[in-house]
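Report on one structure; see the data block that follows.
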Amino acid sequence: MRSVPRWALISSGCAPVLLAGGWMIAAGMEGAAYDPATQTISVLAAYGAEGFWVMTGALLALGACHLLTAWGLRPAALAGRVALAAGGATAFVVALFPAPSSGGSLHHGSVAAVGFVLLAAWPVLAAVRGGVAPWGLRPAPALAATALMGLGAAWFLVEINRHGPAGVAERLVTCMQSVWPFVVVTSCLVHRENDAPAK
């Protein structure tokens with residue numbers, strides 16, 4: 001099985017840190033006008049928001065992290081790597097075409113939805129069948145990760161439509177989606193070390 005370069009641990013590990021750090025700093029810049037429980041991350045990256053540049057930078061960095069991780073995750077099935085890279089590319093598009101300061105945007109919402117689907121689907125698409133695969137690339141954990149991300153995305157859609165705690169739901173699903181590449185890369189590196197011949 002092809003090995004994962006150690007730098008993929010940095011690209012995958014930075015993704016959740018940059019995303020969460022970006023929304024926390026941007027929310028702090030917005031102050032009391034922003035409610036993280038009910039308002040989405042896109043509000044922080046909207047034109048005119050105080051932390052627009054911070055959240056936009058975080059989304060661009062997140063996209064770059066996913067692209068690098070997909071490139072380095074050589075043991076994964078090609079379809080999963082492509083889905084992860086495409087999910088990273090959607091982060092660029094979301095950042096470059098932010099939501100308006102008020103109201104919705106069909107273009108922004110559509111791209112965000114595509115990104116949610118790609119990042120939810122990539123674990124199961126990346127799974128390796130047959131042989132002894134690293135834990136994160138085995139079908140059962142990959143399917144569980146995809147199912148949890150799908151449920152999180154469904155919860156987010158429900159809360160958006162009923163004006164509930166959509167911000168909480170969105171943060172939960174984006175955290176899962178940004179952490180899973182790190183889990184997979186770590187499992188690949190641990191698997192390689194365990195399989196290394198004893199000296």
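By convention here, the chains of the structure tokens are called A, B, ... in the order presented, each chain's residues are numbered starting at 1, and ligands are numbered starting at 1 in the order presented.
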Just the residues within 12 Å of Ala144 (chain A), please, counting only C-alpha atoms, with nothing from its chain fewer than 2 positions along; format it as JSON, numbers by chain. {"A": [120, 121, 122, 123, 124, 127, 136, 137, 138, 139, 140, 141, 142, 146, 147, 148, 149, 150, 151, 176, 180]}
Record the distance separating CA of Gly164 (chain A) and CA of Tyr34 (chain A), expressed in Å with one decimal. 14.7 Å
Which one of A:Ala46, A:Ala85, A:Met29, A:Cys175 sits closest to Leu73 (chain A) if you count only C-alpha atoms?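 Under the stated criterion, the closest residue is A:Ala85.
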Restricting the calculation to only C-alpha atoms, which member of A:Phe97, A:Gly72, A:Gly87, A:Thr40 is positioned closest to Leu157 (chain A)?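 When distances to Leu157 (chain A) are compared using only C-alpha atoms, the smallest one comes from A:Thr40.
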In terms of the shortest atom-to-atom distance over only C-alpha atoms, which of A:Pro134, A:Gly21, A:Gly31, A:Pro5 is closest to Leu59 (chain A)? A:Gly21
List every residue of region 75-106 of chain A that DSSP, applied to the backbone of this structure, assigns to alpha helix (DSSP H), and report them as a list in words.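 In region 75-106 of chain A, DSSP puts these residues in alpha helix (DSSP H): Leu78, Ala79, Gly80, Arg81, Val82, Ala83, Leu84, Ala85, Ala86, Gly87, Gly88, Ala89, Thr90, Ala91, Phe92, Val93, Val94, Ala95, Leu96 and Leu106 of chain A.
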Please dump the current selection as a short mmCIF file (atom, residue, chain, number, x, y, z; two decimals), in the first residue's frame; keep N, CA, C and O atoms.
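Saved as again-v4.cif:
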```cif
data_model
loop_
_atom_site.label_atom_id
_atom_site.label_comp_id
_atom_site.auth_asym_id
_atom_site.auth_seq_id
_atom_site.Cartn_x
_atom_site.Cartn_y
_atom_site.Cartn_z
N LEU A 78 -9.20 6.55 -5.34
CA LEU A 78 -9.12 7.77 -6.13
C LEU A 78 -10.41 8.60 -6.04
O LEU A 78 -10.35 9.83 -5.94
N ALA A 79 -11.57 7.95 -6.05
CA ALA A 79 -12.84 8.69 -6.01
C ALA A 79 -12.93 9.53 -4.74
O ALA A 79 -13.41 10.67 -4.78
N GLY A 80 -12.47 9.01 -3.63
CA GLY A 80 -12.49 9.76 -2.37
C GLY A 80 -11.53 10.92 -2.38
O GLY A 80 -11.85 12.01 -1.89
N ARG A 81 -10.35 10.71 -2.95
CA ARG A 81 -9.38 11.80 -3.04
C ARG A 81 -9.91 12.93 -3.91
O ARG A 81 -9.76 14.11 -3.60
N VAL A 82 -10.56 12.57 -5.01
CA VAL A 82 -11.14 13.58 -5.91
C VAL A 82 -12.25 14.34 -5.20
O VAL A 82 -12.35 15.57 -5.30
N ALA A 83 -13.10 13.62 -4.45
CA ALA A 83 -14.19 14.27 -3.72
C ALA A 83 -13.66 15.23 -2.66
O ALA A 83 -14.18 16.33 -2.48
N LEU A 84 -12.60 14.82 -1.94
CA LEU A 84 -12.00 15.69 -0.93
C LEU A 84 -11.40 16.94 -1.58
O LEU A 84 -11.59 18.06 -1.10
N ALA A 85 -10.70 16.75 -2.70
CA ALA A 85 -10.11 17.89 -3.40
C ALA A 85 -11.20 18.83 -3.93
O ALA A 85 -11.09 20.06 -3.83
N ALA A 86 -12.26 18.25 -4.47
CA ALA A 86 -13.37 19.06 -4.98
C ALA A 86 -14.06 19.81 -3.84
O ALA A 86 -14.48 20.96 -4.00
N GLY A 87 -14.16 19.17 -2.67
CA GLY A 87 -14.70 19.85 -1.49
C GLY A 87 -13.84 21.04 -1.10
O GLY A 87 -14.35 22.10 -0.73
N GLY A 88 -12.51 20.87 -1.21
CA GLY A 88 -11.61 21.99 -0.95
C GLY A 88 -11.80 23.10 -1.96
O GLY A 88 -11.80 24.29 -1.62
N ALA A 89 -12.02 22.73 -3.23
CA ALA A 89 -12.24 23.74 -4.27
C ALA A 89 -13.52 24.52 -4.02
O ALA A 89 -13.58 25.72 -4.27
N THR A 90 -14.56 23.85 -3.49
CA THR A 90 -15.80 24.58 -3.20
C THR A 90 -15.59 25.60 -2.08
O THR A 90 -16.27 26.63 -2.07
N ALA A 91 -14.66 25.32 -1.17
CA ALA A 91 -14.36 26.31 -0.12
C ALA A 91 -13.81 27.58 -0.74
O ALA A 91 -14.12 28.69 -0.29
N PHE A 92 -12.99 27.43 -1.81
CA PHE A 92 -12.49 28.61 -2.53
C PHE A 92 -13.64 29.40 -3.14
O PHE A 92 -13.69 30.62 -3.06
N VAL A 93 -14.56 28.68 -3.78
CA VAL A 93 -15.68 29.34 -4.45
C VAL A 93 -16.57 30.05 -3.43
O VAL A 93 -17.00 31.19 -3.65
N VAL A 94 -16.84 29.38 -2.31
CA VAL A 94 -17.66 30.00 -1.24
C VAL A 94 -16.98 31.27 -0.74
O VAL A 94 -17.64 32.28 -0.49
N ALA A 95 -15.65 31.23 -0.60
CA ALA A 95 -14.92 32.39 -0.11
C ALA A 95 -14.91 33.53 -1.13
O ALA A 95 -15.03 34.71 -0.77
N LEU A 96 -14.78 33.17 -2.39
CA LEU A 96 -14.68 34.19 -3.43
C LEU A 96 -16.04 34.79 -3.82
O LEU A 96 -16.10 35.88 -4.36
N LEU A 106 -28.73 32.31 -3.96
CA LEU A 106 -28.86 30.98 -4.58
C LEU A 106 -27.50 30.43 -4.97
O LEU A 106 -27.21 29.26 -4.74
#
```
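Between Val54 (chain A) and the residues A:Ala113, A:Gln39, A:Trp23, A:Trp135, the shortest atom-to-atom distance, using only C-alpha atoms, involves A:Trp23.
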Pick from A:Gly63, A:Ala33, A:Thr69, A:Ala99, whichever lies nearest to Glu50 (chain A) using only C-alpha atoms: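 Of all the options, A:Ala33 lies closest to Glu50 (chain A).
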If you count only C-alpha atoms, which residues fall within 12 Å of Glu159 (chain A), apart from same-chain ones fewer than 3 positions away, as a PyMOL selection string? chain A and resi 37-40+152-156+162-170
Which is closer to Thr174 (chain A) than all the others in A:Val128, A:Ala76, A:Leu119, A:Val43, using only C-alpha atoms? A:Leu119
Distance query region 8-13 of chain A at most 12 Å, only C-alpha atoms, self and fewer than 4 positions along chain excluded, as a compact mmCIF listing (two decimals) with N, CA, C and O atoms, in the first residue's frame:
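File produced: result18.txt:
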```txt
# COMPACT_ATOMS: atom_id res chain seq x y z
N SER A 3 2.32 4.91 0.74
CA SER A 3 2.41 5.60 2.02
C SER A 3 1.94 7.06 1.90
O SER A 3 1.91 7.64 0.82
N VAL A 4 1.57 7.60 3.05
CA VAL A 4 1.14 9.00 3.15
C VAL A 4 2.34 9.82 3.62
O VAL A 4 2.98 9.47 4.62
N VAL A 17 -8.30 23.60 12.77
CA VAL A 17 -7.79 24.71 13.59
C VAL A 17 -8.05 26.05 12.89
O VAL A 17 -8.53 27.01 13.50
N LEU A 18 -7.74 26.10 11.59
CA LEU A 18 -7.95 27.33 10.83
C LEU A 18 -9.43 27.67 10.71
O LEU A 18 -9.81 28.84 10.84
N LEU A 19 -10.26 26.66 10.48
CA LEU A 19 -11.70 26.91 10.34
C LEU A 19 -12.29 27.43 11.64
O LEU A 19 -12.94 28.48 11.67
N ALA A 20 -12.06 26.71 12.74
CA ALA A 20 -12.62 27.12 14.03
C ALA A 20 -12.00 28.43 14.50
O ALA A 20 -12.71 29.31 15.02
N ALA A 61 -7.85 29.09 3.30
CA ALA A 61 -6.85 28.21 3.91
C ALA A 61 -7.41 26.79 4.07
O ALA A 61 -6.70 25.80 3.83
N LEU A 62 -8.69 26.69 4.45
CA LEU A 62 -9.34 25.38 4.58
C LEU A 62 -9.33 24.65 3.23
O LEU A 62 -9.00 23.47 3.16
N GLY A 63 -9.69 25.38 2.17
CA GLY A 63 -9.67 24.77 0.84
C GLY A 63 -8.30 24.27 0.45
O GLY A 63 -8.15 23.17 -0.08
N ALA A 64 -7.28 25.08 0.74
CA ALA A 64 -5.90 24.68 0.43
C ALA A 64 -5.50 23.44 1.22
O ALA A 64 -4.85 22.53 0.68
N CYS A 65 -5.89 23.39 2.49
CA CYS A 65 -5.58 22.21 3.32
C CYS A 65 -6.20 20.95 2.75
O CYS A 65 -5.56 19.89 2.67
N HIS A 66 -7.47 21.02 2.34
CA HIS A 66 -8.14 19.85 1.78
C HIS A 66 -7.49 19.41 0.46
O HIS A 66 -7.33 18.21 0.21
N LEU A 67 -7.09 20.38 -0.36
CA LEU A 67 -6.43 20.03 -1.62
C LEU A 67 -5.09 19.33 -1.37
O LEU A 67 -4.78 18.31 -2.01
N LEU A 68 -4.30 19.86 -0.44
CA LEU A 68 -3.01 19.24 -0.12
C LEU A 68 -3.19 17.85 0.48
O LEU A 68 -2.46 16.92 0.14
N THR A 69 -4.16 17.73 1.37
CA THR A 69 -4.40 16.43 2.01
C THR A 69 -4.84 15.40 0.97
O THR A 69 -4.37 14.26 0.99
N ALA A 70 -5.72 15.80 0.07
CA ALA A 70 -6.17 14.88 -0.99
C ALA A 70 -4.99 14.43 -1.85
O ALA A 70 -4.90 13.25 -2.25
N TRP A 71 -4.08 15.33 -2.12
CA TRP A 71 -2.90 15.00 -2.91
C TRP A 71 -2.01 13.99 -2.18
O TRP A 71 -1.49 13.04 -2.79
N GLY A 72 -1.86 14.19 -0.87
CA GLY A 72 -0.97 13.30 -0.11
C GLY A 72 -1.59 11.99 0.34
O GLY A 72 -0.87 11.08 0.74
N LEU A 73 -2.89 11.87 0.28
CA LEU A 73 -3.57 10.69 0.82
C LEU A 73 -3.59 9.56 -0.22
O LEU A 73 -4.64 9.10 -0.67
N ARG A 74 -2.42 9.10 -0.57
CA ARG A 74 -2.26 8.14 -1.67
C ARG A 74 -2.87 6.76 -1.42
O ARG A 74 -3.28 6.11 -2.39
N LEU A 84 -12.60 14.82 -1.94
CA LEU A 84 -12.00 15.69 -0.93
C LEU A 84 -11.40 16.94 -1.58
O LEU A 84 -11.59 18.06 -1.10
N GLY A 88 -12.51 20.87 -1.21
CA GLY A 88 -11.61 21.99 -0.95
C GLY A 88 -11.80 23.10 -1.96
O GLY A 88 -11.80 24.29 -1.62
N CYS A 175 -17.15 20.87 11.59
CA CYS A 175 -16.07 20.32 12.43
C CYS A 175 -15.80 18.86 12.07
O CYS A 175 -14.65 18.46 11.91
N GLN A 177 -16.42 17.40 9.26
CA GLN A 177 -15.85 17.33 7.92
C GLN A 177 -14.39 17.79 7.88
O GLN A 177 -13.62 17.31 7.06
N SER A 178 -14.02 18.71 8.74
CA SER A 178 -12.64 19.19 8.73
C SER A 178 -11.71 18.31 9.56
O SER A 178 -10.50 18.27 9.30
N VAL A 179 -12.26 17.56 10.53
CA VAL A 179 -11.43 16.70 11.38
C VAL A 179 -11.19 15.33 10.74
O VAL A 179 -10.11 14.74 10.92
N TRP A 180 -12.15 14.82 9.98
CA TRP A 180 -12.02 13.46 9.45
C TRP A 180 -10.77 13.25 8.58
O TRP A 180 -10.11 12.20 8.71
N PRO A 181 -10.37 14.19 7.73
CA PRO A 181 -9.12 13.97 6.98
C PRO A 181 -7.92 13.75 7.90
O PRO A 181 -7.06 12.90 7.62
N PHE A 182 -7.87 14.47 9.02
CA PHE A 182 -6.78 14.29 9.98
C PHE A 182 -6.83 12.89 10.59
O PHE A 182 -5.79 12.24 10.76
N VAL A 183 -8.03 12.42 10.90
CA VAL A 183 -8.20 11.06 11.45
C VAL A 183 -7.68 10.03 10.45
O VAL A 183 -6.96 9.10 10.81
N VAL A 184 -8.04 10.20 9.18
CA VAL A 184 -7.63 9.24 8.16
C VAL A 184 -6.11 9.27 7.96
O VAL A 184 -5.47 8.22 7.92
N VAL A 185 -5.55 10.46 7.86
CA VAL A 185 -4.09 10.58 7.67
C VAL A 185 -3.36 9.96 8.87
O VAL A 185 -2.40 9.20 8.70
N THR A 186 -3.81 10.25 10.08
CA THR A 186 -3.19 9.69 11.28
C THR A 186 -3.25 8.17 11.26
O THR A 186 -2.27 7.48 11.56
N SER A 187 -4.42 7.63 10.88
CA SER A 187 -4.56 6.17 10.85
C SER A 187 -3.63 5.56 9.81
O SER A 187 -3.10 4.46 10.02
N CYS A 188 -3.43 6.25 8.70
CA CYS A 188 -2.51 5.75 7.67
C CYS A 188 -1.06 5.74 8.17
O CYS A 188 -0.31 4.78 7.93
N LEU A 189 -0.68 6.80 8.86
CA LEU A 189 0.70 6.86 9.38
C LEU A 189 0.93 5.84 10.48
O LEU A 189 1.99 5.20 10.53
N VAL A 190 -0.05 5.65 11.36
CA VAL A 190 0.07 4.65 12.42
C VAL A 190 0.12 3.25 11.80
O VAL A 190 0.91 2.40 12.21
```
